[in-house]
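Visitor: To start, I am sharing the structure in question, which I have written as structure tokens.
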Amino acid sequence: MGCLFRSAFILCAAISFISAENLTIHLLHPWASEPARLDHPLRIVSSEPGWDMGSPMTDEGCNWYLYTFRNTPRTDNGQRIEFVSFIPTQTDERANRRDYTRGITGTQLFMNQIFGNQPSTVTEVWMTIPDITRPPVLSFTPPPNKTIHFLKPWDLGAPIIQLQGGDTLRMTMDTGTSRCGWFSYRFYCDYSDLKVRFVNSLLGTLYSTGGGGDGSYMDLGTELAENDSIWILPTPQPDGSAAIHRSFPGVTGSCGSTIQIGVILRDWDTSHPDFGKFWEKPECQGLHQGLVRKRLGADGKPVLASDQLCIKRFDWYVRHTFPNGYTNERCFNLELKTNGEGLYEYDTSAFFPLSDFHYLDSAQTIPNPFHDGWANCSFSLELSAKFEYVQGQKFYFRGDDDVWVFIDSQLVVDIGGIHNPEPGEVDLDTLHLIPGETYDFKLFFAERFCGGSSFRIVTSIKLQTISNLIAYKTIDSPGIQRFDMVLLRTTDNLTCFSGGAVKDTIKNPIVDFFIEGPSFSRPQQLPEGTSYGGITIVGASTVLLDTMAISGLVPGDYRICYYLQSDHSQGGVIPFNVPVLPVDHFDLLTDAMTLDPAKDATLDSIVIGYFDSTAQLYAVLRDKNGTYLNHAALPAWTSRNPGTVTVAQSPTDPSRCIITKAASGVT
């Protein structure tokens, strides 16, 4: 809905379709001289972050705070921007309020005063307020600082800096395509005793000097004393030990991805008893949970609760056919892009996808009788998708009006009623799902009163609708399977209708390939060329697979996942198996050596020190490719020179022997 319920006569701001961008304000705390205020968030107040108490700004450290506007254009001069500080008490969270409202010119601050005269490439401002009775001082270059850059080692989630002592600092994603995967943080103050580690914002996993899983803290004080910027690169990628570079190392990670989710829109008008004229529906005003049952009906649609009074005719998600045979349905692609948190996001405060649905036919000769002549803002939306459950997944929605989300037919987000934008979220780890299994995901939305329409999705779930990316399999030569990627184009070129006629095929689309299986803790991207001896990517659109030539992978079931580079909702899977090969040879190791599951150890000699009398070896079995199979069981140990050393089976470990010196000294 988007308007406050103040009376039967409501004035709503006209819908603005001016495109917005991410505009970031950094502010040095105006009341930092009052220590008690530093214990509570500095807040920003405006239309987007909200009025009254507004939204807390992000603490950057050293008394700097930031907030990023996503839906306010740089030329906006209608929504004032204010900064507020509170020292709450037990009885009043708004106690001890301080406000700063000054503009560059005049008594109020607006976005156009900050960015209106700046080129489009300028999207950040650093603001200081030396005197709260005077205008702010603006700078479009950052103040002196030391910068840490970090290439994140995880697919999902963003890195957070955790300081020794417990404080956490949020890093910012580099949005340049030449530095995909890099995150940065600026230190504006003392860095001489800086000890940090990195935490995954979603999963809580750690990264430090020793690589992924290392929970220690790395000392960066010396490096920052000598350099204004340092670049921390996991080596080898994705989560090897930390290598510190003094300039950009020229290595990039994933640029993130975009998924397009096809949804069905159904147009309605105010003749429907549930749409428009909300003042005639007091039983629907505000947030109403429990309007629908906890599980979907047999037709895959929500079912009204027996005790609800709000909804009069629940055909919102059923096709309406006009007398001329045309329908009120239209397909629309939601494009979710990877945000700075490494999550998929779609966000708009002006969600009117049927504003141009003026005609029912493609020739634009038959008018749509439901179009309201304005933004066409009485409509419903139905999203049906599938996803593979991975632990740590979450889904967040904020919008108006009704929103219901079902996972595996179970209601998990309930935001019913005609209301201002309301949030709802679900942690999938609480739903008792099975990792690796595929589940249905359904979202039902309705915009029922014209005046505003917000729609925001943030999720770590890789939702997929029907895929038009197909892998055609042929036998390239004996033992080698060939998979050529082909993209099907349908008559509507959209993803929500499976019955669209195929009008064209596009050969050699640009595709991202990943491998999953027992050798990997997470999916690994496959580059062009040959990997693991038997997997070859040709031209970013073809896979050659020779399972008998594969080396370096432990036996088991694997799959190559492929996704259209421009839309990761379009993709599929090529399963294959790495067989267990016969035992080919023994491999000998000492306890000081790391057992590599993919290749033989290199053991040139064993030294028994002057004051030692014994040493130990153990044996493992490998196939012809050097792949580890298992530890040996009671191999026959012999010594070629028993006058120098003797060798005997260990009494406690069937894979191990004990080597004993036959004479004093070093052997």
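Identifiers in this document derive from the order of the structure tokens: chains are assigned A, B, ..., residues are numbered from 1 separately in each chain, and ligands are numbered from 1 in order of occurrence.
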Can you list, as a list of chain:residue names, every protein, DNA or RNA residue that comes within 12 Å of segment 527-529 of chain A when you count only C-alpha atoms, leaving out same-chain residues fewer than 5 positions away?
Guide: A:Ile510, A:Val511, A:Asp512, A:Phe513, A:Phe514, A:Ile515, A:Gly534, A:Ile535, A:Thr536, A:Ile537, A:Val538, A:Gly539, A:Ala540, A:Ser541, A:Thr542, A:Val543, A:Leu544, A:Leu545
Visitor: Give me the residues near segment 112-117 of chain A as an MDAnalysis selection string, where near means some atom within 8 Å (using only C-alpha atoms) and where sequence neighbours in that chain fewer than 3 positions away do not count.
Guide: chainID A and resid 74:77 103:105 109 122:123 125 138
Visitor: Keeping only all heavy atoms, write the selected residues to a file as a CSV table (one decimal), in the first residue's frame.
Guide:
chain,number,residue,atom,x,y,z
A,74,ARG,N,19.7,10.9,-6.9
A,74,ARG,CA,20.7,12.0,-6.5
A,74,ARG,C,20.0,13.4,-6.7
A,74,ARG,O,20.5,14.4,-6.1
A,74,ARG,CB,22.0,11.9,-7.2
A,74,ARG,CG,21.9,12.1,-8.7
A,74,ARG,CD,23.3,12.1,-9.4
A,74,ARG,NE,24.0,10.9,-9.1
A,74,ARG,CZ,25.3,10.8,-8.7
A,74,ARG,NH1,25.9,12.0,-8.5
A,74,ARG,NH2,25.9,9.7,-8.5
A,75,THR,N,19.0,13.5,-7.5
A,75,THR,CA,18.4,14.8,-7.8
A,75,THR,C,17.2,15.1,-6.8
A,75,THR,O,16.5,16.1,-7.0
A,75,THR,CB,17.9,14.9,-9.2
A,75,THR,OG1,17.0,13.7,-9.5
A,75,THR,CG2,19.1,14.8,-10.2
A,76,ASP,N,16.9,14.2,-5.9
A,76,ASP,CA,15.7,14.3,-5.0
A,76,ASP,C,15.9,15.6,-4.2
A,76,ASP,O,16.9,15.8,-3.5
A,76,ASP,CB,15.6,13.1,-4.1
A,76,ASP,CG,14.4,13.2,-3.3
A,76,ASP,OD1,13.3,12.9,-3.8
A,76,ASP,OD2,14.5,13.6,-2.1
A,77,ASN,N,14.8,16.4,-4.2
A,77,ASN,CA,14.7,17.6,-3.3
A,77,ASN,C,13.4,17.6,-2.5
A,77,ASN,O,13.0,18.7,-2.1
A,77,ASN,CB,14.9,18.8,-4.1
A,77,ASN,CG,13.8,19.0,-5.1
A,77,ASN,OD1,12.9,18.2,-5.3
A,77,ASN,ND2,13.9,20.2,-5.8
A,103,GLY,N,20.9,22.2,6.2
A,103,GLY,CA,21.2,21.9,4.8
A,103,GLY,C,22.4,22.7,4.4
A,103,GLY,O,23.0,23.5,5.1
A,104,ILE,N,22.9,22.4,3.2
A,104,ILE,CA,24.0,23.1,2.6
A,104,ILE,C,23.6,24.5,2.4
A,104,ILE,O,24.3,25.5,2.6
A,104,ILE,CB,24.4,22.5,1.2
A,104,ILE,CG1,24.7,21.0,1.4
A,104,ILE,CG2,25.6,23.2,0.7
A,104,ILE,CD1,25.8,20.7,2.4
A,105,THR,N,22.4,24.7,1.9
A,105,THR,CA,21.7,26.0,1.8
A,105,THR,C,20.4,25.9,2.4
A,105,THR,O,19.6,24.9,2.2
A,105,THR,CB,21.6,26.5,0.4
A,105,THR,OG1,20.8,25.5,-0.4
A,105,THR,CG2,22.9,26.6,-0.3
A,109,LEU,N,18.4,19.5,4.8
A,109,LEU,CA,19.3,18.9,3.9
A,109,LEU,C,18.6,17.9,2.9
A,109,LEU,O,17.8,17.1,3.4
A,109,LEU,CB,20.4,18.1,4.7
A,109,LEU,CG,21.4,17.3,3.9
A,109,LEU,CD1,22.4,18.3,3.2
A,109,LEU,CD2,22.3,16.5,4.9
A,122,VAL,N,30.4,9.7,-9.0
A,122,VAL,CA,30.6,10.0,-7.6
A,122,VAL,C,29.3,9.5,-6.9
A,122,VAL,O,28.2,10.0,-7.1
A,122,VAL,CB,30.7,11.5,-7.4
A,122,VAL,CG1,30.8,11.8,-5.9
A,122,VAL,CG2,32.0,12.0,-8.1
A,123,THR,N,29.6,8.5,-6.0
A,123,THR,CA,28.4,7.9,-5.3
A,123,THR,C,28.7,7.8,-3.8
A,123,THR,O,27.9,7.2,-3.1
A,123,THR,CB,28.2,6.4,-5.8
A,123,THR,OG1,29.4,5.7,-5.6
A,123,THR,CG2,27.8,6.4,-7.3
A,125,VAL,N,30.1,10.3,-0.2
A,125,VAL,CA,30.4,11.5,0.3
A,125,VAL,C,30.9,11.3,1.8
A,125,VAL,O,30.3,10.5,2.5
A,125,VAL,CB,29.3,12.6,0.3
A,125,VAL,CG1,28.1,12.1,1.1
A,125,VAL,CG2,29.7,13.9,0.7
A,138,LEU,N,31.4,18.9,3.1
A,138,LEU,CA,31.4,17.7,2.3
A,138,LEU,C,32.7,17.5,1.6
A,138,LEU,O,33.4,18.5,1.2
A,138,LEU,CB,30.3,17.9,1.2
A,138,LEU,CG,28.9,18.2,1.7
A,138,LEU,CD1,27.9,18.2,0.5
A,138,LEU,CD2,28.4,17.2,2.7
Visitor: I'd like the contact shell of Glu341 of chain A - 8 Å cut-off, only C-alpha atoms, skipping same-chain residues fewer than 6 positions apart - returned as a list in words.
Guide: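 Here the answer would be Gly157, Ala158, Met173 and Ser201 of chain A.
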Visitor: Go through A:Asp402, A:Asp587, A:Asp59, A:Asp600 and flag the residue nearest Arg448 of chain A, using only C-alpha atoms for the distances.
Guide: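 Of A:Asp402, A:Asp587, A:Asp59, A:Asp600, the one nearest Arg448 of chain A is A:Asp402, counting only C-alpha atoms.
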Visitor: Skip Arg43 of chain A itself and residues of its chain fewer than 5 positions away, then list as a VMD selection string all residues within 9 Å of it, counting only C-alpha atoms.
Guide: chain A and resid 53 to 58 82 to 86
Visitor: How would the residues just picked look written out with N, CA and C atoms as a PDB file, in the first residue's frame?
Guide:
ATOM      1  N   MET A  53      12.278   7.453  14.415  1.00  0.00           N
ATOM      2  CA  MET A  53      13.639   7.145  14.856  1.00  0.00           C
ATOM      3  C   MET A  53      14.574   6.818  13.695  1.00  0.00           C
ATOM      4  N   GLY A  54      14.050   6.685  12.468  1.00  0.00           N
ATOM      5  CA  GLY A  54      14.897   6.384  11.332  1.00  0.00           C
ATOM      6  C   GLY A  54      15.524   5.010  11.417  1.00  0.00           C
ATOM      7  N   SER A  55      16.715   4.875  10.839  1.00  0.00           N
ATOM      8  CA  SER A  55      17.462   3.611  10.836  1.00  0.00           C
ATOM      9  C   SER A  55      18.866   3.845  11.376  1.00  0.00           C
ATOM     10  N   PRO A  56      19.429   2.844  12.079  1.00  0.00           N
ATOM     11  CA  PRO A  56      20.810   3.000  12.559  1.00  0.00           C
ATOM     12  C   PRO A  56      21.796   3.004  11.407  1.00  0.00           C
ATOM     13  N   MET A  57      22.799   3.863  11.487  1.00  0.00           N
ATOM     14  CA  MET A  57      23.882   3.875  10.508  1.00  0.00           C
ATOM     15  C   MET A  57      24.904   2.808  10.885  1.00  0.00           C
ATOM     16  N   THR A  58      25.656   2.339   9.923  1.00  0.00           N
ATOM     17  CA  THR A  58      26.662   1.306  10.162  1.00  0.00           C
ATOM     18  C   THR A  58      27.924   1.919  10.753  1.00  0.00           C
ATOM     19  N   GLU A  82      18.003  13.903   7.911  1.00  0.00           N
ATOM     20  CA  GLU A  82      18.393  14.366   9.238  1.00  0.00           C
ATOM     21  C   GLU A  82      19.213  13.283   9.934  1.00  0.00           C
ATOM     22  N   PHE A  83      19.983  13.707  10.930  1.00  0.00           N
ATOM     23  CA  PHE A  83      20.784  12.776  11.729  1.00  0.00           C
ATOM     24  C   PHE A  83      20.385  12.936  13.193  1.00  0.00           C
ATOM     25  N   VAL A  84      20.251  11.799  13.891  1.00  0.00           N
ATOM     26  CA  VAL A  84      19.689  11.799  15.243  1.00  0.00           C
ATOM     27  C   VAL A  84      20.531  10.911  16.150  1.00  0.00           C
ATOM     28  N   SER A  85      20.681  11.331  17.387  1.00  0.00           N
ATOM     29  CA  SER A  85      21.360  10.525  18.409  1.00  0.00           C
ATOM     30  C   SER A  85      20.481  10.480  19.653  1.00  0.00           C
ATOM     31  N   PHE A  86      20.412   9.294  20.269  1.00  0.00           N
ATOM     32  CA  PHE A  86      19.659   9.116  21.515  1.00  0.00           C
ATOM     33  C   PHE A  86      20.580   8.512  22.575  1.00  0.00           C
TER      34      PHE A  86
END
Visitor: What does the distance from atom CA of Gly276 of chain A to atom CA of Cys377 of chain A come to in Å, to one decimal?
Guide: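 Distance reported for this atom pair: 9.0 Å.
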Visitor: So which residues touch Ile81 of chain A within 6 Å, counting only C-alpha atoms, skipping near sequence neighbours fewer than 6 positions away, as JSON, numbers by chain?
Guide: {"A": [45, 46, 109, 110]}
Visitor: Quick one: pick out all strand (DSSP E) residues within segment 231-459 of chain A from a backbone DSSP run and write them as a ChimeraX atom specification.
Guide: /A:231-235,241-245,258-267,329-338,344-348,379-388,394-399,402-407,410-415,422-427,438-447,455-459
Visitor: Can you pull out the residues contacting Pro302 of chain A? Cut-off 9 Å, using only C-alpha atoms, and skip same-chain residues under 4 positions away; I want them as a ChimeraX atom specification.
Guide: /A:292-297,317,404,406,444
Visitor: Please write the residues from the selection above to a file, keeping N, CA and C atoms, as a short mmCIF file (atom, residue, chain, number, x, y, z; two decimals), in the first residue's frame.
Guide:
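File out_19.cif, as written:
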data_model
loop_
_atom_site.label_atom_id
_atom_site.label_comp_id
_atom_site.auth_asym_id
_atom_site.auth_seq_id
_atom_site.Cartn_x
_atom_site.Cartn_y
_atom_site.Cartn_z
N VAL A 292 -4.44 -17.06 5.92
CA VAL A 292 -4.42 -18.31 5.15
C VAL A 292 -3.93 -19.44 6.04
N ARG A 293 -4.23 -20.65 5.63
CA ARG A 293 -3.84 -21.83 6.40
C ARG A 293 -2.33 -22.08 6.30
N LYS A 294 -1.86 -22.95 7.18
CA LYS A 294 -0.42 -23.19 7.31
C LYS A 294 0.15 -24.01 6.17
N ARG A 295 -0.71 -24.67 5.37
CA ARG A 295 -0.20 -25.47 4.26
C ARG A 295 -0.99 -25.14 3.00
N LEU A 296 -0.33 -25.29 1.86
CA LEU A 296 -0.97 -25.05 0.57
C LEU A 296 -2.06 -26.10 0.32
N GLY A 297 -3.03 -25.72 -0.52
CA GLY A 297 -4.06 -26.66 -0.91
C GLY A 297 -3.55 -27.64 -1.95
N TYR A 317 -5.22 -15.67 -7.34
CA TYR A 317 -4.16 -16.43 -8.02
C TYR A 317 -4.75 -17.42 -9.01
N TRP A 404 2.77 -14.06 1.24
CA TRP A 404 2.85 -15.37 1.89
C TRP A 404 3.91 -16.19 1.17
N PHE A 406 5.76 -20.00 1.02
CA PHE A 406 5.64 -21.41 1.39
C PHE A 406 6.88 -22.16 0.92
N PHE A 444 3.44 -15.74 -2.78
CA PHE A 444 2.21 -15.13 -3.26
C PHE A 444 2.14 -13.71 -2.71
#
Visitor: For Cys189 of chain A, which residue out of A:Asn630, A:Ser380, A:Pro144, A:Asp228 is the nearest one, using only C-alpha atoms?
Guide: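 Ranked by minimum distance to Cys189 of chain A, first place goes to A:Pro144.
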Visitor: Going by DSSP on the backbone, which residues of segment 39-138 of chain A come out as helix (DSSP H, G or I)? List them as a PyMOL selection string.
Guide: chain A and resi 39+111-115
Visitor: Using all heavy atoms, can you export the residues from the last selection as a short mmCIF file (atom, residue, chain, number, x, y, z; two decimals), in the first residue's frame?
Guide:
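As a result, out.cif now contains:
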data_model
loop_
_atom_site.label_atom_id
_atom_site.label_comp_id
_atom_site.auth_asym_id
_atom_site.auth_seq_id
_atom_site.Cartn_x
_atom_site.Cartn_y
_atom_site.Cartn_z
N ASP A 39 27.90 4.82 22.73
CA ASP A 39 27.43 3.48 23.10
C ASP A 39 26.13 3.11 22.40
O ASP A 39 25.64 1.99 22.57
CB ASP A 39 27.23 3.39 24.62
CG ASP A 39 28.54 3.53 25.38
OD1 ASP A 39 29.58 3.16 24.81
OD2 ASP A 39 28.50 4.02 26.53
N MET A 111 19.00 15.36 -0.82
CA MET A 111 19.99 14.60 -1.59
C MET A 111 20.58 15.43 -2.73
O MET A 111 21.78 15.33 -3.04
CB MET A 111 19.35 13.33 -2.13
CG MET A 111 20.34 12.34 -2.72
SD MET A 111 21.44 11.63 -1.48
CE MET A 111 20.36 10.40 -0.75
N ASN A 112 19.76 16.27 -3.38
CA ASN A 112 20.29 17.02 -4.51
C ASN A 112 21.34 18.04 -4.07
O ASN A 112 22.20 18.44 -4.86
CB ASN A 112 19.17 17.70 -5.29
CG ASN A 112 18.57 18.89 -4.55
OD1 ASN A 112 18.53 18.90 -3.32
ND2 ASN A 112 18.09 19.87 -5.30
N GLN A 113 21.30 18.47 -2.79
CA GLN A 113 22.34 19.37 -2.29
C GLN A 113 23.68 18.66 -2.16
O GLN A 113 24.74 19.29 -2.23
CB GLN A 113 21.94 19.94 -0.93
CG GLN A 113 20.69 20.80 -0.94
CD GLN A 113 20.32 21.26 0.46
OE1 GLN A 113 21.09 21.07 1.42
NE2 GLN A 113 19.15 21.85 0.60
N ILE A 114 23.63 17.35 -1.98
CA ILE A 114 24.87 16.57 -1.79
C ILE A 114 25.42 16.10 -3.13
O ILE A 114 26.59 16.35 -3.47
CB ILE A 114 24.61 15.37 -0.88
CG1 ILE A 114 24.04 15.83 0.47
CG2 ILE A 114 25.88 14.56 -0.68
CD1 ILE A 114 23.59 14.69 1.37
N PHE A 115 24.57 15.40 -3.90
CA PHE A 115 25.06 14.75 -5.12
C PHE A 115 24.54 15.38 -6.42
O PHE A 115 24.97 14.99 -7.50
CB PHE A 115 24.64 13.27 -5.12
CG PHE A 115 25.33 12.43 -4.09
CD1 PHE A 115 24.66 12.05 -2.93
CD2 PHE A 115 26.65 12.03 -4.26
CE1 PHE A 115 25.29 11.26 -1.97
CE2 PHE A 115 27.29 11.25 -3.31
CZ PHE A 115 26.61 10.87 -2.16
#
Visitor: Select, from A:Ile44, A:Leu28, A:Val620, A:Ala363, the residue with the minimum atom-to-atom distance to Pro143 of chain A, counting only C-alpha atoms.
Guide: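 Nearest to Pro143 of chain A: A:Leu28.
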Visitor: Show which residues sit within 9 Å of Phe352 of chain A, as a VMD selection string. Count only C-alpha atoms, and ignore same-chain residues fewer than 2 positions away.
Guide: chain A and resid 350 354 to 356 375 to 377 379 447 452 to 453
Visitor: Rank nothing, just name the residue among A:Gln524, A:Ser639, A:Thr133, A:Thr172 nearest to Leu66 of chain A, using only C-alpha atoms.
Guide: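 Selected residue with least distance to Leu66 of chain A: A:Thr172.
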Visitor: Would you compute the distance between atom CA of Trp182 of chain A and atom CA of Arg246 of chain A? Give it in Å to one decimal.
Guide: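 Atom-to-atom, atom CA of Trp182 of chain A and atom CA of Arg246 of chain A are spaced 14.7 Å apart.
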Visitor: Could you check which of A:Asp174, A:Asp372, A:Asp190, A:Asp596 is closest to Leu151 of chain A, using only C-alpha atoms?
Guide: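 Of A:Asp174, A:Asp372, A:Asp190, A:Asp596, the one nearest Leu151 of chain A, counting only C-alpha atoms, is A:Asp174.
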Visitor: Which distance in Å separates atom CA of Thr644 of chain A and atom CA of Thr602 of chain A, to one decimal?
Guide: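 Going from atom CA of Thr644 of chain A over to atom CA of Thr602 of chain A covers 22.7 Å.
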